[in-house]
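The structure file my_file.cif is reproduced below (mmCIF, C-alpha atoms and all ligand atoms).
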```cif
data_model
loop_
_atom_site.label_atom_id
_atom_site.label_comp_id
_atom_site.auth_asym_id
_atom_site.auth_seq_id
_atom_site.Cartn_x
_atom_site.Cartn_y
_atom_site.Cartn_z
CA MET A 1 -71.36 -7.51 48.11
CA ASP A 2 -70.03 -5.04 50.63
CA LYS A 3 -68.63 -2.06 48.72
CA ASN A 4 -65.53 -2.02 50.93
CA LEU A 5 -64.77 -5.60 50.12
CA GLU A 6 -65.39 -4.93 46.49
CA ILE A 7 -62.83 -2.13 46.52
CA ALA A 8 -60.29 -4.25 48.42
CA ALA A 9 -60.77 -7.05 45.86
CA LEU A 10 -60.33 -4.59 42.99
CA ILE A 11 -57.12 -3.24 44.51
CA SER A 12 -55.60 -6.65 45.02
CA ARG A 13 -56.59 -7.82 41.51
CA ALA A 14 -55.26 -4.57 40.05
CA GLU A 15 -51.98 -5.04 41.93
CA GLN A 16 -51.62 -8.53 40.53
CA ASP A 17 -52.52 -7.53 36.95
CA ILE A 18 -50.17 -4.58 37.08
CA LYS A 19 -47.32 -6.77 38.30
CA ASN A 20 -47.97 -9.15 35.42
CA ALA A 21 -48.14 -6.45 32.75
CA ALA A 22 -45.44 -7.32 30.24
CA SER A 23 -45.03 -3.97 28.52
CA VAL A 24 -45.70 -0.27 28.90
CA LYS A 25 -48.41 -0.72 26.28
CA ASP A 26 -50.18 -3.43 28.31
CA LEU A 27 -49.87 -1.21 31.33
CA ASP A 28 -51.54 1.69 29.51
CA ALA A 29 -54.41 -0.60 28.56
CA LEU A 30 -54.75 -1.66 32.20
CA ARG A 31 -54.77 1.95 33.34
CA VAL A 32 -57.71 2.66 31.03
CA CYS A 33 -59.60 -0.41 32.28
CA LEU A 34 -59.05 0.46 35.92
CA LEU A 35 -59.06 4.23 36.13
CA GLY A 36 -60.43 5.46 32.78
CA LYS A 37 -63.78 7.19 32.29
CA LYS A 38 -65.39 3.86 31.66
CA GLY A 39 -63.09 2.04 34.03
CA GLU A 40 -63.95 -0.13 37.01
CA LEU A 41 -63.14 2.35 39.72
CA THR A 42 -65.09 5.10 37.98
CA GLY A 43 -67.96 2.62 37.70
CA MET A 44 -67.88 2.13 41.48
CA LEU A 45 -67.84 5.86 42.01
CA ARG A 46 -71.00 6.10 39.95
CA SER A 47 -72.67 3.47 42.16
CA MET A 48 -72.37 5.94 45.03
CA GLY A 49 -75.95 6.99 44.18
CA SER A 50 -77.21 3.87 45.93
CA LEU A 51 -75.60 4.89 49.23
CA THR A 52 -77.07 7.00 51.95
CA PRO A 53 -75.74 10.59 52.18
CA GLN A 54 -74.01 9.60 55.45
CA GLU A 55 -72.15 6.74 53.82
CA ARG A 56 -71.01 8.74 50.82
CA PRO A 57 -68.03 10.74 52.20
CA ALA A 58 -66.32 7.64 53.63
CA PHE A 59 -66.92 5.73 50.42
CA GLY A 60 -65.63 8.61 48.31
CA GLN A 61 -62.49 8.65 50.43
CA LEU A 62 -62.04 4.91 49.95
CA ILE A 63 -62.31 5.27 46.21
CA ASN A 64 -59.75 8.07 46.26
CA GLN A 65 -57.36 5.96 48.33
CA ALA A 66 -57.87 3.06 45.96
CA ARG A 67 -57.11 5.35 42.98
CA ASP A 68 -53.91 6.57 44.72
CA GLU A 69 -52.85 3.04 45.48
CA ILE A 70 -53.50 1.77 41.98
CA GLU A 71 -51.72 4.78 40.51
CA GLY A 72 -48.81 3.94 42.78
CA PHE A 73 -48.69 0.36 41.45
CA LEU A 74 -48.96 1.65 37.89
CA SER A 75 -46.14 4.13 38.18
CA THR A 76 -43.82 1.69 39.95
CA ARG A 77 -44.44 -0.94 37.32
CA GLU A 78 -44.11 1.65 34.56
CA GLY A 79 -40.71 2.66 35.88
CA THR A 80 -39.53 -0.95 35.91
CA LEU A 81 -40.92 -1.69 32.46
CA LYS A 82 -39.47 1.47 30.91
CA GLU A 83 -36.09 0.63 32.31
CA LYS A 84 -36.32 -2.89 31.00
CA GLU A 85 -37.47 -1.76 27.58
CA LEU A 86 -34.71 0.82 27.37
CA ALA A 87 -32.12 -1.78 28.31
CA GLU A 88 -33.48 -4.10 25.64
CA ARG A 89 -33.44 -1.38 23.02
CA LEU A 90 -29.90 -0.36 23.90
CA GLU A 91 -28.79 -3.97 23.68
CA GLN A 92 -30.47 -4.35 20.31
CA GLU A 93 -29.07 -1.15 18.89
CA ARG A 94 -25.66 -1.60 20.38
CA ILE A 95 -22.76 -0.84 18.04
CA ASP A 96 -19.62 -2.78 18.82
CA VAL A 97 -16.96 -0.30 17.90
CA THR A 98 -14.29 -2.94 18.38
CA LEU A 99 -15.78 -5.15 15.68
CA PRO A 100 -13.51 -5.20 12.61
CA THR A 101 -15.03 -3.29 9.72
CA GLN A 102 -14.58 -4.24 6.11
CA LEU A 103 -10.87 -3.86 5.47
CA PRO A 104 -9.73 -1.36 2.85
CA ARG A 105 -8.40 -3.12 -0.20
CA LEU A 106 -4.66 -3.39 0.07
CA GLY A 107 -2.39 -2.63 -2.82
CA THR A 108 0.20 -5.07 -4.12
CA PRO A 109 3.87 -4.47 -4.71
CA HIS A 110 4.60 -3.32 -8.25
CA PRO A 111 6.50 -5.93 -10.32
CA HIS A 112 9.22 -3.36 -10.69
CA THR A 113 9.55 -3.18 -6.90
CA LEU A 114 9.60 -6.98 -6.63
CA VAL A 115 12.46 -7.24 -9.10
CA LEU A 116 14.31 -4.31 -7.59
CA ASN A 117 14.13 -5.97 -4.17
CA GLU A 118 15.46 -9.22 -5.59
CA VAL A 119 18.35 -7.42 -7.26
CA ILE A 120 19.13 -5.49 -4.09
CA ASP A 121 19.03 -8.73 -2.02
CA CYS A 122 21.43 -10.36 -4.45
CA PHE A 123 23.98 -7.54 -4.39
CA VAL A 124 23.71 -6.88 -0.69
CA GLY A 125 24.48 -10.58 -0.29
CA LEU A 126 27.63 -10.01 -2.35
CA GLY A 127 28.72 -7.18 -0.05
CA PHE A 128 27.40 -4.20 -2.03
CA GLU A 129 25.86 -1.12 -0.47
CA VAL A 130 22.85 0.71 -1.93
CA VAL A 131 23.33 4.43 -2.63
CA GLU A 132 21.24 6.99 -4.48
CA GLY A 133 21.91 10.15 -6.43
CA PRO A 134 19.88 13.09 -7.76
CA GLU A 135 17.69 12.81 -10.84
CA ILE A 136 18.31 16.44 -11.73
CA GLU A 137 22.01 16.28 -12.34
CA LEU A 138 24.91 18.48 -13.30
CA ASP A 139 26.32 17.99 -16.77
CA LYS A 140 29.65 17.52 -14.98
CA TYR A 141 28.55 14.25 -13.37
CA ASN A 142 26.24 12.98 -16.09
CA PHE A 143 28.85 13.55 -18.82
CA GLU A 144 32.14 15.34 -18.17
CA LEU A 145 33.51 13.18 -15.38
CA LEU A 146 32.42 10.09 -17.31
CA ASN A 147 34.73 11.04 -20.14
CA ILE A 148 31.94 12.43 -22.30
CA PRO A 149 33.12 16.01 -23.03
CA LYS A 150 30.91 18.58 -24.78
CA ASN A 151 30.51 17.79 -28.48
CA HIS A 152 31.37 14.15 -27.85
CA PRO A 153 29.24 12.03 -30.20
CA ALA A 154 28.16 9.82 -27.29
CA ARG A 155 26.00 12.72 -26.08
CA ASP A 156 23.77 12.44 -29.14
CA ALA A 157 23.04 8.81 -28.38
CA GLN A 158 21.54 9.80 -25.03
CA ASP A 159 18.72 12.13 -26.21
CA THR A 160 19.22 14.34 -23.19
CA PHE A 161 16.60 16.57 -21.57
CA TYR A 162 18.51 19.75 -20.79
CA ILE A 163 17.26 22.08 -18.06
CA ASP A 164 19.96 24.60 -18.92
CA GLU A 165 23.45 24.43 -20.31
CA ASN A 166 24.84 22.79 -17.17
CA ILE A 167 21.88 20.92 -15.72
CA VAL A 168 20.22 17.84 -17.19
CA LEU A 169 17.74 15.18 -16.20
CA ARG A 170 20.21 12.34 -15.75
CA THR A 171 20.27 10.07 -18.77
CA HIS A 172 21.69 7.13 -16.82
CA THR A 173 22.61 6.18 -13.25
CA SER A 174 26.34 6.38 -14.07
CA PRO A 175 26.73 9.90 -12.59
CA VAL A 176 26.34 8.27 -9.17
CA GLN A 177 29.59 6.42 -9.93
CA ALA A 178 31.41 9.74 -10.28
CA ARG A 179 29.82 11.14 -7.13
CA VAL A 180 30.77 8.11 -5.05
CA MET A 181 34.33 7.92 -6.37
CA LEU A 182 34.86 11.59 -5.57
CA GLU A 183 33.49 11.13 -2.05
CA ARG A 184 34.97 7.82 -0.95
CA LYS A 185 38.17 5.91 -0.96
CA PRO A 186 38.37 2.35 -2.32
CA PRO A 187 37.38 -0.33 -1.71
CA ILE A 188 34.02 0.71 -3.17
CA ARG A 189 31.20 -1.75 -3.77
CA ILE A 190 27.87 -0.07 -4.53
CA ILE A 191 24.70 -0.35 -6.51
CA CYS A 192 22.51 2.65 -7.31
CA PRO A 193 18.96 2.06 -8.44
CA GLY A 194 17.05 5.02 -9.81
CA ARG A 195 14.98 6.81 -12.39
CA VAL A 196 16.57 8.10 -15.59
CA TYR A 197 15.29 10.23 -18.48
CA ARG A 198 15.71 10.24 -22.23
CA ALA A 199 13.75 12.02 -24.93
CA ASP A 200 12.28 8.83 -26.39
CA GLU A 201 8.82 8.24 -27.79
CA VAL A 202 6.67 5.81 -25.79
CA ASP A 203 6.31 2.37 -27.33
CA ALA A 204 6.42 -1.27 -26.23
CA THR A 205 10.10 -1.05 -25.33
CA HIS A 206 10.75 2.66 -24.76
CA SER A 207 9.72 5.33 -22.31
CA PRO A 208 11.11 8.83 -21.64
CA VAL A 209 11.32 7.86 -17.95
CA PHE A 210 12.71 4.49 -17.03
CA HIS A 211 14.92 2.87 -14.41
CA GLN A 212 18.44 1.59 -14.17
CA ILE A 213 20.58 -0.05 -11.56
CA GLU A 214 24.19 1.02 -11.64
CA GLY A 215 26.91 -1.15 -10.13
CA LEU A 216 30.43 -0.07 -9.26
CA VAL A 217 33.33 -1.95 -7.72
CA ILE A 218 36.74 -0.37 -7.17
CA ASP A 219 39.56 -2.17 -5.39
CA LYS A 220 43.04 -3.51 -5.95
CA ASP A 221 43.29 -6.25 -8.57
CA VAL A 222 39.69 -6.09 -9.79
CA THR A 223 39.49 -7.75 -13.20
CA MET A 224 37.03 -8.53 -15.95
CA ALA A 225 36.69 -12.00 -14.42
CA ASP A 226 35.19 -10.41 -11.28
CA LEU A 227 32.73 -8.55 -13.49
CA ARG A 228 31.73 -11.77 -15.23
CA GLY A 229 31.38 -13.67 -11.96
CA THR A 230 29.29 -10.93 -10.37
CA LEU A 231 26.92 -10.58 -13.31
CA GLY A 232 26.62 -14.36 -13.55
CA ALA A 233 25.52 -14.53 -9.91
CA PHE A 234 23.02 -11.73 -10.53
CA ALA A 235 21.57 -13.48 -13.60
CA ARG A 236 21.20 -16.80 -11.75
CA GLN A 237 19.52 -15.11 -8.80
CA LEU A 238 16.84 -13.63 -11.07
CA TYR A 239 16.37 -16.31 -13.68
CA GLY A 240 17.66 -19.57 -12.21
CA ASP A 241 20.75 -21.72 -12.59
CA ASN A 242 20.37 -22.48 -16.27
CA ILE A 243 20.79 -18.89 -17.36
CA LYS A 244 23.95 -17.95 -19.26
CA THR A 245 25.53 -14.57 -19.83
CA ARG A 246 27.23 -13.48 -23.03
CA PHE A 247 29.61 -10.54 -23.27
CA ARG A 248 29.80 -8.71 -26.59
CA PRO A 249 32.44 -6.04 -27.19
CA SER A 250 30.95 -2.57 -27.09
CA TYR A 251 31.85 1.02 -26.41
CA PHE A 252 31.16 3.37 -23.52
CA PRO A 253 33.45 6.38 -22.96
CA PHE A 254 33.66 5.62 -19.22
CA THR A 255 34.64 1.96 -19.45
CA GLU A 256 37.51 0.30 -21.25
CA PRO A 257 37.11 -2.38 -22.37
CA SER A 258 33.31 -2.21 -22.60
CA ALA A 259 30.74 -4.88 -23.19
CA GLU A 260 27.07 -5.33 -23.78
CA VAL A 261 25.82 -8.27 -21.81
CA ASP A 262 23.14 -10.65 -23.03
CA LEU A 263 21.22 -13.32 -21.13
CA THR A 264 19.86 -16.55 -22.55
CA CYS A 265 16.43 -15.68 -23.95
CA ILE A 266 13.99 -16.48 -21.15
CA VAL A 267 11.16 -17.15 -23.57
CA CYS A 268 12.74 -19.76 -25.87
CA LYS A 269 15.61 -20.83 -23.55
CA GLY A 270 18.05 -19.98 -26.31
CA ALA A 271 16.42 -21.81 -29.20
CA GLY A 272 15.46 -18.60 -30.99
CA CYS A 273 12.09 -16.86 -31.02
CA ARG A 274 10.38 -13.59 -31.88
CA VAL A 275 11.29 -11.95 -28.58
CA CYS A 276 15.03 -12.49 -29.09
CA LYS A 277 14.77 -11.98 -32.85
CA ASP A 278 15.93 -15.59 -33.36
CA SER A 279 19.29 -14.95 -31.69
CA GLY A 280 18.58 -16.91 -28.49
CA TRP A 281 19.96 -13.97 -26.48
CA ILE A 282 18.54 -10.80 -24.95
CA GLU A 283 20.59 -7.73 -24.13
CA VAL A 284 20.07 -6.54 -20.57
CA LEU A 285 22.97 -4.36 -19.61
CA GLY A 286 26.08 -2.38 -20.43
CA ALA A 287 29.29 -2.94 -18.50
CA GLY A 288 33.04 -2.69 -18.54
CA MET A 289 36.23 -1.95 -16.66
CA VAL A 290 36.17 1.60 -15.33
CA ASN A 291 38.25 3.76 -17.71
CA PRO A 292 41.48 4.80 -15.93
CA LYS A 293 40.84 8.35 -17.12
CA VAL A 294 37.56 8.34 -15.14
CA LEU A 295 39.34 6.95 -12.06
CA GLU A 296 41.97 9.69 -12.25
CA ASP A 297 39.43 12.48 -12.87
CA CYS A 298 37.55 11.29 -9.78
CA GLY A 299 40.68 11.26 -7.64
CA ILE A 300 41.49 7.55 -7.61
CA ASP A 301 45.01 6.36 -8.41
CA SER A 302 44.62 4.16 -11.46
CA SER A 303 48.07 2.64 -10.98
CA VAL A 304 46.88 1.11 -7.70
CA TYR A 305 43.17 0.57 -8.24
CA SER A 306 40.99 -0.85 -10.93
CA GLY A 307 37.26 -1.45 -11.09
CA PHE A 308 34.25 -2.50 -13.04
CA ALA A 309 30.87 -0.91 -13.59
CA PHE A 310 27.59 -1.97 -15.08
CA GLY A 311 24.19 -0.48 -15.78
CA VAL A 312 21.08 -2.65 -15.94
CA GLY A 313 17.73 -1.67 -17.44
CA VAL A 314 15.18 -2.45 -14.73
CA GLU A 315 12.16 -2.48 -17.06
CA ARG A 316 13.94 -4.90 -19.35
CA ILE A 317 14.79 -7.41 -16.62
CA THR A 318 11.31 -7.05 -15.07
CA MET A 319 9.63 -7.79 -18.39
CA LEU A 320 11.84 -10.85 -18.84
CA ARG A 321 11.26 -11.99 -15.29
CA TYR A 322 7.47 -12.02 -15.61
CA GLY A 323 7.03 -12.44 -19.36
CA ILE A 324 5.56 -8.94 -19.84
CA SER A 325 5.48 -8.09 -23.53
CA ASP A 326 4.77 -4.36 -23.39
CA MET A 327 6.62 -1.92 -21.16
CA ARG A 328 3.56 0.35 -20.94
CA TRP A 329 1.87 -2.14 -18.62
CA LEU A 330 4.47 -1.19 -16.03
CA TYR A 331 3.37 2.46 -16.02
CA GLU A 332 -0.37 2.44 -16.61
CA GLY A 333 -1.40 1.41 -13.10
CA ASP A 334 -4.13 -0.90 -14.40
CA GLU A 335 -5.25 -2.90 -11.36
CA ARG A 336 -6.10 -5.96 -13.46
CA PHE A 337 -2.46 -6.14 -14.39
CA LEU A 338 -0.98 -5.18 -11.03
CA ARG A 339 -3.13 -7.59 -8.94
CA GLN A 340 -1.45 -10.51 -10.67
CA PHE A 341 1.68 -9.84 -8.66
CA SER A 342 0.08 -10.07 -5.19
N1 LIG B 401 25.33 4.08 -18.44
C1 LIG B 401 25.26 3.15 -19.55
C2 LIG B 401 23.94 3.35 -20.29
O1 LIG B 401 23.05 3.92 -19.74
C3 LIG B 401 25.37 1.73 -19.07
C4 LIG B 401 26.68 1.41 -18.45
C5 LIG B 401 26.86 1.56 -17.11
C6 LIG B 401 27.74 0.95 -19.22
C7 LIG B 401 28.09 1.25 -16.53
C8 LIG B 401 28.94 0.63 -18.66
C9 LIG B 401 29.12 0.78 -17.32
O2 LIG B 401 23.79 2.93 -21.40
#
```
Structure encoded using structure tokens:
Amino acid sequence: MDKNLEIAALISRAEQDIKNAASVKDLDALRVCLLGKKGELTGMLRSMGSLTPQERPAFGQLINQARDEIEGFLSTREGTLKEKELAERLEQERIDVTLPTQLPRLGTPHPHTLVLNEVIDCFVGLGFEVVEGPEIELDKYNFELLNIPKNHPARDAQDTFYIDENIVLRTHTSPVQARVMLERKPPIRIICPGRVYRADEVDATHSPVFHQIEGLVIDKDVTMADLRGTLGAFARQLYGDNIKTRFRPSYFPFTEPSAEVDLTCIVCKGAGCRVCKDSGWIEVLGAGMVNPKVLEDCGIDSSVYSGFAFGVGVERITMLRYGISDMRWLYEGDERFLRQFS
């Protein structure tokens, strides 16, 4: 065959093959077949020996043109393929930063918080306001203004942590009563939840740090009946309509008369069980009519105003609410326990 035609045929076949090459790798293989040392074009160059010396320069030029042309096809196709392969790789390796990742595990509200929120809802519904006071408290508020002078035997009952002679870790939330009475004029209707401290050993029902919710109402004509009605509403909110309250006479220096208040035992519904020591009742709070001496010492005219106060143990009512038998569960932070309240 005419060498020129042969070259033209090679070029057009090469063009076609190069266009059809599916990958850079295939293209490299084609390059070797066409232009490599043992490739077709090189083979043709070798056949130059059979030409006359006059024919050789023109033929050599043709081969060189063919090589340039084929190289042109190769590099164009290579560019296209590389672009395509890059696009494919990018698509494959794409990271969607908007895709949601695995969510961090969320905590659950502590049972204490759940009960506290219920209590707050109940009292806010009854028109009470929530206030707080300091945990590091002056003796004056924790004791003196509550009619517990120095050397009063009631101080012993409180196992106080003293910081110095005049500063204590509050042993109850009652000092907030004194602070509010000194600051405000009646009518007063507040609850004060908070942490309190007593030098007690840790056991199933005691802890040196625990929580109380104080309640205080001061107005004209406030009576013991208001106290009973309020605490009844509170008990029903937490434990349902069948719950009963029982007032037993007691003594607190800052209330007169004073009472300890029991609820129907949640466990046995009043029949008597181990939890209530067969009494059918469980003590949950102290309460009483605010002692007129306390009103006067806090600047409130006891001939015009009267009031009631109460102090609830939060751990106690939380344990009753959820049937928790050991107070330590509330402090240990064991997830297996806490997750049950989600
Ligand atoms: N502060 C008392 C205690 O901690 C409880 C109490 C509060 C009693 C208010 C009467 C009135 O034991």
Given only C-alpha atoms and all ligand atoms as the counted atoms, nearest of A:Thr205, A:Leu182, A:Ser342, A:Thr160 to ligand LIG 401 (chain B):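 So, comparing all the options, the nearest one is A:Thr160.
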Report as AutoDock Vina command-line options the centre and the edge lengths, in Å to one decimal, of the axis-aligned box holding every listed atom of region 247-258 of chain A, padded by 6 Å on each side.
```
--center_x 33.6 --center_y -2.1 --center_z -23.2 --size_x 19.9 --size_y 28.9 --size_z 20.0
```
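In terms of minimum interatomic distance to Ile136 (chain A), A:Asp164 ranks closest within A:Asp26, A:Glu201, A:Glu183, A:Asp164, counting only C-alpha atoms.
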Contacts of Ile18 (chain A) within 12 Å, only C-alpha atoms, excl. fewer than 4 positions in-chain, as a count of residues only: 30
Who sits within 7 Å of Met289 (chain A), only C-alpha atoms, same chain under 5 positions skipped, as an MDAnalysis selection string: chainID A and resid 224 255:258 307:309
CA of Glu85 (chain A) to CA of Pro100 (chain A), straight-line distance in Å: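 CA of Glu85 (chain A) lies at a distance of 28.5 Å from CA of Pro100 (chain A).
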Atom pair CA of Ile163 (chain A) / CA of Glu135 (chain A): separation (Å):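 About the pair CA of Ile163 (chain A) and CA of Glu135 (chain A): they are 11.8 Å apart.
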Dump as CSV the rows for residues of chain A within 9 Å of ligand LIG 401 (chain B): closest atom pair and distance in Å with one decimal, all atoms listed in the file counted, ordered by chain and rising residue number.
```
residue,atom,partner,partner_atom,distance
A:Gln158,CA,B:LIG401,O1,8.1
A:Thr171,CA,B:LIG401,O1,6.8
A:His172,CA,B:LIG401,O1,4.5
A:Thr173,CA,B:LIG401,N1,6.2
A:Ser174,CA,B:LIG401,N1,5.0
A:Pro175,CA,B:LIG401,N1,8.4
A:Gln177,CA,B:LIG401,C7,8.5
A:Val196,CA,B:LIG401,O1,8.8
A:Gln212,CA,B:LIG401,O1,7.6
A:Ile213,CA,B:LIG401,C5,8.5
A:Glu214,CA,B:LIG401,C5,6.1
A:Gly215,CA,B:LIG401,C7,6.9
A:Leu216,CA,B:LIG401,C7,7.8
A:Tyr251,CA,B:LIG401,C6,8.3
A:Phe252,CA,B:LIG401,C6,6.0
A:Pro253,CA,B:LIG401,C8,8.5
A:Phe254,CA,B:LIG401,C8,6.9
A:Thr255,CA,B:LIG401,C8,5.9
A:Glu256,CA,B:LIG401,C8,9.0
A:Ser258,CA,B:LIG401,C8,6.5
A:Ala259,CA,B:LIG401,C8,7.4
A:Glu260,CA,B:LIG401,C6,7.8
A:Leu285,CA,B:LIG401,C3,6.6
A:Gly286,CA,B:LIG401,C6,3.9
A:Ala287,CA,B:LIG401,C8,3.6
A:Gly288,CA,B:LIG401,C8,5.3
A:Met289,CA,B:LIG401,C9,7.6
A:Val290,CA,B:LIG401,C9,7.4
A:Phe308,CA,B:LIG401,C9,7.4
A:Ala309,CA,B:LIG401,C9,4.5
A:Phe310,CA,B:LIG401,C7,3.6
A:Gly311,CA,B:LIG401,C5,3.6
A:Val312,CA,B:LIG401,C3,6.9
A:Gly313,CA,B:LIG401,O1,8.1
```
Pick from A:Asp203, A:Glu91, A:Glu118, A:Glu165, whichever lies nearest to Arg321 (chain A) using only C-alpha atoms: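 For Arg321 (chain A), the nearest of the given residues is A:Glu118.
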Best match for closeness to Val119 (chain A) among A:Thr264, A:Gln237, A:Asn142, A:Ser50, counting all atoms listed in the file: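 When distances to Val119 (chain A) are compared using all atoms listed in the file, the smallest one comes from A:Gln237.
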Straight-line distance linking CA of Arg179 (chain A) with CA of Phe247 (chain A), stated in Å to one decimal: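 Atom-to-atom, CA of Arg179 (chain A) to CA of Phe247 (chain A), that is 27.0 Å.
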N, CA, C and O atoms are what I want for region 105-118 of chain A; can you complete it accordingly and write them as a PDB file, in the frame of the given file?
```pdb
ATOM      1  N   ARG A 105      -9.154  -2.229   0.683  1.00  0.00           N
ATOM      2  CA  ARG A 105      -8.400  -3.120  -0.200  1.00  0.00           C
ATOM      3  C   ARG A 105      -6.934  -2.710  -0.207  1.00  0.00           C
ATOM      4  O   ARG A 105      -6.603  -1.554  -0.393  1.00  0.00           O
ATOM      5  N   LEU A 106      -6.087  -3.704   0.019  1.00  0.00           N
ATOM      6  CA  LEU A 106      -4.660  -3.390   0.070  1.00  0.00           C
ATOM      7  C   LEU A 106      -4.078  -3.438  -1.332  1.00  0.00           C
ATOM      8  O   LEU A 106      -4.502  -4.227  -2.170  1.00  0.00           O
ATOM      9  N   GLY A 107      -3.092  -2.598  -1.549  1.00  0.00           N
ATOM     10  CA  GLY A 107      -2.390  -2.630  -2.820  1.00  0.00           C
ATOM     11  C   GLY A 107      -1.429  -3.803  -2.868  1.00  0.00           C
ATOM     12  O   GLY A 107      -1.283  -4.556  -1.894  1.00  0.00           O
ATOM     13  N   THR A 108      -0.785  -3.993  -3.981  1.00  0.00           N
ATOM     14  CA  THR A 108       0.200  -5.070  -4.120  1.00  0.00           C
ATOM     15  C   THR A 108       1.500  -4.433  -4.591  1.00  0.00           C
ATOM     16  O   THR A 108       1.471  -3.396  -5.236  1.00  0.00           O
ATOM     17  N   PRO A 109       2.619  -5.065  -4.252  1.00  0.00           N
ATOM     18  CA  PRO A 109       3.870  -4.470  -4.710  1.00  0.00           C
ATOM     19  C   PRO A 109       3.953  -4.484  -6.243  1.00  0.00           C
ATOM     20  O   PRO A 109       3.528  -5.451  -6.879  1.00  0.00           O
ATOM     21  N   HIS A 110       4.442  -3.410  -6.794  1.00  0.00           N
ATOM     22  CA  HIS A 110       4.600  -3.320  -8.250  1.00  0.00           C
ATOM     23  C   HIS A 110       5.687  -4.321  -8.688  1.00  0.00           C
ATOM     24  O   HIS A 110       6.671  -4.514  -7.977  1.00  0.00           O
ATOM     25  N   PRO A 111       5.498  -4.959  -9.854  1.00  0.00           N
ATOM     26  CA  PRO A 111       6.500  -5.930 -10.320  1.00  0.00           C
ATOM     27  C   PRO A 111       7.905  -5.343 -10.358  1.00  0.00           C
ATOM     28  O   PRO A 111       8.893  -6.024 -10.049  1.00  0.00           O
ATOM     29  N   HIS A 112       7.948  -4.082 -10.689  1.00  0.00           N
ATOM     30  CA  HIS A 112       9.220  -3.360 -10.690  1.00  0.00           C
ATOM     31  C   HIS A 112       9.873  -3.405  -9.305  1.00  0.00           C
ATOM     32  O   HIS A 112      11.067  -3.675  -9.156  1.00  0.00           O
ATOM     33  N   THR A 113       9.050  -3.161  -8.272  1.00  0.00           N
ATOM     34  CA  THR A 113       9.550  -3.180  -6.900  1.00  0.00           C
ATOM     35  C   THR A 113      10.021  -4.586  -6.520  1.00  0.00           C
ATOM     36  O   THR A 113      11.045  -4.755  -5.853  1.00  0.00           O
ATOM     37  N   LEU A 114       9.237  -5.598  -6.945  1.00  0.00           N
ATOM     38  CA  LEU A 114       9.600  -6.980  -6.630  1.00  0.00           C
ATOM     39  C   LEU A 114      10.979  -7.316  -7.197  1.00  0.00           C
ATOM     40  O   LEU A 114      11.837  -7.883  -6.510  1.00  0.00           O
ATOM     41  N   VAL A 115      11.182  -6.931  -8.468  1.00  0.00           N
ATOM     42  CA  VAL A 115      12.460  -7.240  -9.100  1.00  0.00           C
ATOM     43  C   VAL A 115      13.588  -6.423  -8.468  1.00  0.00           C
ATOM     44  O   VAL A 115      14.671  -6.944  -8.180  1.00  0.00           O
ATOM     45  N   LEU A 116      13.292  -5.158  -8.210  1.00  0.00           N
ATOM     46  CA  LEU A 116      14.310  -4.310  -7.590  1.00  0.00           C
ATOM     47  C   LEU A 116      14.755  -4.906  -6.246  1.00  0.00           C
ATOM     48  O   LEU A 116      15.946  -4.981  -5.948  1.00  0.00           O
ATOM     49  N   ASN A 117      13.782  -5.371  -5.459  1.00  0.00           N
ATOM     50  CA  ASN A 117      14.130  -5.970  -4.170  1.00  0.00           C
ATOM     51  C   ASN A 117      14.977  -7.219  -4.332  1.00  0.00           C
ATOM     52  O   ASN A 117      15.906  -7.459  -3.560  1.00  0.00           O
ATOM     53  N   GLU A 118      14.657  -8.014  -5.348  1.00  0.00           N
ATOM     54  CA  GLU A 118      15.460  -9.220  -5.590  1.00  0.00           C
ATOM     55  C   GLU A 118      16.897  -8.850  -5.954  1.00  0.00           C
ATOM     56  O   GLU A 118      17.856  -9.466  -5.487  1.00  0.00           O
TER      57      GLU A 118
END
```
